[in-house]
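Participant: First, the structure itself, so that you have it in front of you.
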Amino acid sequence: MIGRMATGIFTGLLALSLWLAPARGADKIRIGVSNYNISNLTVGVAQTENFFRQEGIDAEIIRMNPNVATMALVSGDIDYSTLVGSVIGANLKGARLKMIACSQDRTPLSLVSKAAVKSVKELKGKTIGVGSYGSTPDIIARLVVKYYGVDPETEIKMLALGSDTARLSALKEGVVDAIIVAPPADYEGKNMGFNILSRAGEILRFPYNGLGASVKKLGEKPDEVKRVIRAIVRANGFIRRNRDGAIQVLVSWTKTKPEFAAAAYESSVGFFSQDGTIPEDGLRIVVDNLKKSMNITRPVALSEVLDSTLLSEVQRELGVKK
């Protein structure tokens with residue numbers, strides 16, 4: 001009896017030591033995100049479901065405004081950023097940053113308006129709240145209104161408001177006429193009586209979220225980068241295959257109600273990349289729109305803003321390339 005108990009205790013301790021092993025001596029990294037929402041659910045799942053830990057990564061995920069995150073990425077104060085629009089914009093300005101993986105190849109963002117506005121065309125002459133100027137939500141808001149025949153340069157005013165929560169508050173207080181937000185903020189807005197005018201992912205396709213890093217990081221720590229990418233790709237596989245688990249993480253990640261999290265998941269699950277591939281046709285849209293907003297006229301090859309070398313290695317190792 002005592003022998004069996006000793007064996008059981010030993011087996012339990014061995015299992016615990018193996019579970020904790022990746023954490024000992026793990027590479028500590030910091031990842032900048034814009035919001036704790038479904039747009040960044042990939043890193044939330046990678047953290048909560050221990051995909052980072054299993055890859056020997058001790059990750060700290062920090063909510064930051066896009067401009068702050070980009071400056072921190074350039075300075076080395078953070079190691080990675082999921083704000084790929086800001087990463088690419090900084091690259092075009094000369095920063096040595098690259099996009100290295102895509103977690104969402106379509107955008108879950110929605111254009112949400114006050115109750116009096118019934119269509120996108122009715123936003124002509126009105127104000128839309130975005131996260132920050134030149135950020136991916138800003139670009140998407142402009143592309144959405146343009147799709148419906150409204151000139152985003154002359155017929156719309158954009159107002160930088162920060163987080164989804166701040167944008168929703170501004171809409172509620174009448175500071176803006178519409179906002180561009182990710183789930184579950186769109187469902188929360190609908191529950192408050194606002195209108196969802198357009199779901200951008202239904203009309204646009206390009207890399208919305210992913211991973212950016214410095215050229216220095218890619219050169220000096222390729223093994224770490226591969227393990228981070230591997231955790232991201234594995235997390236997306238979890239999200240696509242495990243509805244209940246992903247919703248549970250989303251509830252905790254966003255501090256939202258289960259019904260909002262479930263609705264957000266259902267509307268966005270198909271947007272999570274199966275293998276991290278960065279769609280080059282969509283990336284060209286992002287680059288060209290950033291060039292226009294920044295008055296850059298020189299040609300920009302996608303290789304200037306993209307480095308998928310390590311991603312390709314991870315895809316081969318995991319056997320997930322589509």
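Starting from 1 in every chain, residues are counted up; chains themselves are A, B, ... following the order of the structure tokens, and ligands are numbered from 1 as listed.
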I need the residues of segment 25-235 of chain A that end up classed as helix (DSSP H, G or I) by DSSP on the backbone, written out as a PyMOL selection string.
Facilitator: chain A and resi 38-48+51-54+66-75+84-92+120-123+136-147+164-172+185-191+200-202+215-220+222-235
Participant: Report as an NGL selection string all protein, DNA and RNA residues lying within 10 Å of Lys146 of chain A, evaluated on only C-alpha atoms, omitting residues in the same chain fewer than 6 positions from it.
Facilitator: :A and (120-121 or 140 or 152-153 or 155)
Participant: Keeping C-alpha atoms, export the residues of the selection given above as an mmCIF file, in the first residue's frame.
Facilitator:
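Final output, saved to result.cif:
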```cif
data_model
loop_
_atom_site.group_PDB
_atom_site.id
_atom_site.type_symbol
_atom_site.label_atom_id
_atom_site.label_comp_id
_atom_site.auth_asym_id
_atom_site.auth_seq_id
_atom_site.Cartn_x
_atom_site.Cartn_y
_atom_site.Cartn_z
ATOM 1 C CA VAL A 120 -22.999 54.150 -44.035
ATOM 2 C CA LYS A 121 -23.962 56.759 -46.625
ATOM 3 C CA ILE A 140 -10.427 50.015 -42.205
ATOM 4 C CA PRO A 152 -13.014 59.306 -46.392
ATOM 5 C CA GLU A 153 -10.660 62.185 -47.124
ATOM 6 C CA GLU A 155 -16.598 63.791 -46.384
#
```
Participant: Could you produce a table of the residues of segment 98-185 of chain A lying within 8 Å of segment 290-305 of chain A, with the nearest pair of atoms per residue and their separation in Å rounded to one decimal, using only C-alpha atoms, ordered by chain and increasing residue number, as CSV?
Facilitator:
```
residue,atom,partner,partner_atom,distance
A:Lys98,CA,A:Val305,CA,5.1
A:Met99,CA,A:Val305,CA,6.2
A:Gly134,CA,A:Leu290,CA,7.2
A:Ile139,CA,A:Leu290,CA,7.8
```
Participant: Limited to C-alpha atoms, could you put the picked residues into a file as a PDB file, in the first residue's frame?
Facilitator:
```pdb
ATOM      1  CA  LYS A  98       8.847  43.695 -40.072  1.00  0.00           C
ATOM      2  CA  MET A  99       5.558  41.849 -40.098  1.00  0.00           C
ATOM      3  CA  GLY A 134      -2.949  55.768 -39.171  1.00  0.00           C
ATOM      4  CA  ILE A 139      -7.509  52.439 -42.366  1.00  0.00           C
TER       5      ILE A 139
END
```
Participant: I'd like to know which of A:Lys93, A:Arg241, A:Arg199, A:Arg284 is closest to Thr107 of chain A, using only C-alpha atoms.
Facilitator: A:Arg199
Participant: Just asking: which residues within segment 84-195 of chain A are strand (DSSP E) according to DSSP, as JSON, numbers by chain?
Facilitator: {"A": [97, 98, 99, 100, 101, 102, 103, 104, 110, 111, 112, 113, 127, 128, 129, 130, 157, 158, 159, 160, 178, 179, 180, 181, 195]}
Participant: Suppose we keep N, CA and C atoms; can you now write the selection as a compact mmCIF listing (two decimals), in the first residue's frame?
Facilitator:
```txt
# COMPACT_ATOMS: atom_id res chain seq x y z
N LEU A 97 11.45 47.48 -38.68
CA LEU A 97 10.45 46.56 -38.17
C LEU A 97 9.86 45.76 -39.32
N LYS A 98 9.43 44.55 -39.04
CA LYS A 98 8.85 43.70 -40.07
C LYS A 98 7.61 42.99 -39.54
N MET A 99 6.67 42.73 -40.42
CA MET A 99 5.56 41.85 -40.10
C MET A 99 6.04 40.42 -40.34
N ILE A 100 5.79 39.52 -39.36
CA ILE A 100 6.35 38.18 -39.46
C ILE A 100 5.30 37.06 -39.45
N ALA A 101 4.07 37.36 -39.11
CA ALA A 101 3.01 36.36 -39.11
C ALA A 101 1.66 37.04 -39.09
N CYS A 102 0.64 36.32 -39.53
CA CYS A 102 -0.72 36.86 -39.54
C CYS A 102 -1.61 35.97 -38.70
N SER A 103 -2.30 36.55 -37.72
CA SER A 103 -3.23 35.75 -36.90
C SER A 103 -4.66 35.85 -37.43
N GLN A 104 -5.00 36.97 -38.07
CA GLN A 104 -6.32 37.13 -38.67
C GLN A 104 -6.15 37.69 -40.08
N SER A 110 -16.30 46.18 -36.90
CA SER A 110 -17.61 46.62 -37.39
C SER A 110 -17.74 48.12 -37.23
N LEU A 111 -18.50 48.72 -38.12
CA LEU A 111 -18.82 50.14 -38.04
C LEU A 111 -20.15 50.26 -37.31
N VAL A 112 -20.12 50.88 -36.13
CA VAL A 112 -21.30 50.98 -35.27
C VAL A 112 -21.69 52.45 -35.14
N SER A 113 -22.97 52.74 -35.31
CA SER A 113 -23.42 54.14 -35.30
C SER A 113 -24.49 54.38 -34.25
N THR A 127 -18.67 62.33 -37.92
CA THR A 127 -17.41 61.97 -37.27
C THR A 127 -17.41 60.51 -36.84
N ILE A 128 -16.30 59.83 -37.13
CA ILE A 128 -16.12 58.43 -36.77
C ILE A 128 -14.97 58.32 -35.77
N GLY A 129 -15.19 57.60 -34.70
CA GLY A 129 -14.16 57.38 -33.69
C GLY A 129 -13.30 56.18 -34.03
N VAL A 130 -11.98 56.36 -34.03
CA VAL A 130 -11.03 55.29 -34.29
C VAL A 130 -10.06 55.20 -33.11
N LYS A 157 -14.91 62.94 -40.90
CA LYS A 157 -13.90 63.36 -39.95
C LYS A 157 -13.59 62.18 -39.03
N MET A 158 -12.29 61.89 -38.86
CA MET A 158 -11.88 60.82 -37.96
C MET A 158 -11.40 61.43 -36.65
N LEU A 159 -11.75 60.80 -35.54
CA LEU A 159 -11.33 61.28 -34.22
C LEU A 159 -10.68 60.13 -33.46
N ALA A 160 -9.42 60.31 -33.05
CA ALA A 160 -8.69 59.27 -32.31
C ALA A 160 -9.15 59.26 -30.86
N ALA A 178 -20.27 57.67 -35.09
CA ALA A 178 -20.05 56.24 -35.32
C ALA A 178 -18.66 55.88 -34.81
N ILE A 179 -18.44 54.59 -34.63
CA ILE A 179 -17.13 54.11 -34.19
C ILE A 179 -16.79 52.83 -34.94
N ILE A 180 -15.52 52.54 -35.05
CA ILE A 180 -15.07 51.27 -35.62
C ILE A 180 -14.50 50.46 -34.45
N VAL A 181 -15.09 49.29 -34.17
CA VAL A 181 -14.69 48.50 -33.01
C VAL A 181 -14.71 47.01 -33.34
N ASN A 195 -26.61 50.97 -33.94
CA ASN A 195 -26.73 50.19 -35.16
C ASN A 195 -25.39 49.66 -35.64
```
Participant: Tell me, as JSON, numbers by chain, which residues lie within 9 Å of segment 270-281 of chain A, counting only C-alpha atoms; anything in the same chain fewer than 4 positions away does not count.
Facilitator: {"A": [42, 99, 100, 101, 102, 103, 104, 105, 106, 107, 108, 201, 205, 206, 207, 210, 229, 232, 233, 234, 236, 237, 239, 240, 265, 266, 285, 302, 306, 308, 311, 312, 315, 320, 321, 322]}
Participant: Just to be explicit: take each residue in the selection above, keep C-alpha atoms, and write the result as a CSV table (one decimal), in the first residue's frame.
Facilitator:
```
chain,number,residue,atom,x,y,z
A,42,THR,CA,-4.8,34.6,-30.4
A,99,MET,CA,5.6,41.8,-40.1
A,100,ILE,CA,6.4,38.2,-39.5
A,101,ALA,CA,3.0,36.4,-39.1
A,102,CYS,CA,-0.7,36.9,-39.5
A,103,SER,CA,-3.2,35.8,-36.9
A,104,GLN,CA,-6.3,37.1,-38.7
A,105,ASP,CA,-6.5,37.4,-42.5
A,106,ARG,CA,-9.8,39.3,-42.4
A,107,THR,CA,-10.9,41.9,-40.0
A,108,PRO,CA,-13.6,41.4,-37.3
A,201,GLY,CA,-14.7,41.3,-42.8
A,205,ARG,CA,-9.8,40.9,-47.0
A,206,PHE,CA,-6.3,41.7,-45.8
A,207,PRO,CA,-4.1,40.9,-42.8
A,210,GLY,CA,-0.6,39.3,-36.5
A,229,ILE,CA,5.2,32.1,-34.0
A,232,ILE,CA,0.6,31.7,-32.2
A,233,VAL,CA,-0.2,29.2,-34.9
A,234,ARG,CA,-1.1,26.5,-32.4
A,236,ASN,CA,-5.3,29.7,-33.7
A,237,GLY,CA,-5.8,26.0,-34.2
A,239,ILE,CA,-9.6,28.8,-31.5
A,240,ARG,CA,-10.8,27.2,-34.7
A,265,TYR,CA,-16.8,34.1,-31.6
A,266,GLU,CA,-19.5,33.0,-34.1
A,285,ILE,CA,-3.9,47.1,-49.8
A,302,LEU,CA,6.3,43.8,-49.9
A,306,LEU,CA,7.4,41.5,-44.6
A,308,SER,CA,8.0,35.2,-43.6
A,311,LEU,CA,7.0,31.5,-40.4
A,312,SER,CA,7.7,29.2,-43.3
A,315,GLN,CA,4.7,25.8,-41.0
A,320,VAL,CA,0.0,23.2,-41.3
A,321,LYS,CA,0.8,25.0,-44.6
A,322,LYS,CA,-2.5,25.2,-46.6
```
Participant: Which residues are near segment 52-64 of chain A? Cut-off 8 Å, only C-alpha atoms, ignore same chain within fewer than 6 positions. Put them as a ChimeraX atom specification.
Facilitator: /A:22-23,25-36,43,46,224,227-228,230-231
Participant: Please provide as an MDAnalysis selection string all residues within 10 Å of Gly76 of chain A, with the sequence filter that same-chain residues fewer than 6 positions apart are discarded (counting only C-alpha atoms).
Facilitator: chainID A and resid 30 70 213:214 216:217
Participant: Any chance you could export the current selection's C-alpha atoms as a CSV table (one decimal), in the first residue's frame?
Facilitator:
```csv
chain,number,residue,atom,x,y,z
A,30,ARG,CA,6.7,41.4,-23.9
A,70,THR,CA,5.4,51.0,-32.0
A,213,ALA,CA,9.1,42.4,-34.6
A,214,SER,CA,12.4,44.3,-35.1
A,216,LYS,CA,17.4,43.1,-34.8
A,217,LYS,CA,15.2,40.5,-33.0
```
Participant: Between atom CA of Ser252 of chain A and atom CA of Ile38 of chain A, what is the distance in Å, rounded to a tenth?
Facilitator: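 A separation of 11.3 Å between them.
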Participant: When you draw a straight line from atom CA of Ser132 of chain A to atom CA of Phe260 of chain A, how long is it in Å?
Facilitator: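 Atom-to-atom, atom CA of Ser132 of chain A and atom CA of Phe260 of chain A are spaced 24.9 Å apart.
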Participant: Return the single residue from A:Asp151, A:Glu317, A:Asp177, A:Asp244 that is closest to Val117 of chain A, with distances computed using only C-alpha atoms.
Facilitator: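 Looking at the shortest contact to Val117 of chain A, the residue is A:Asp177.
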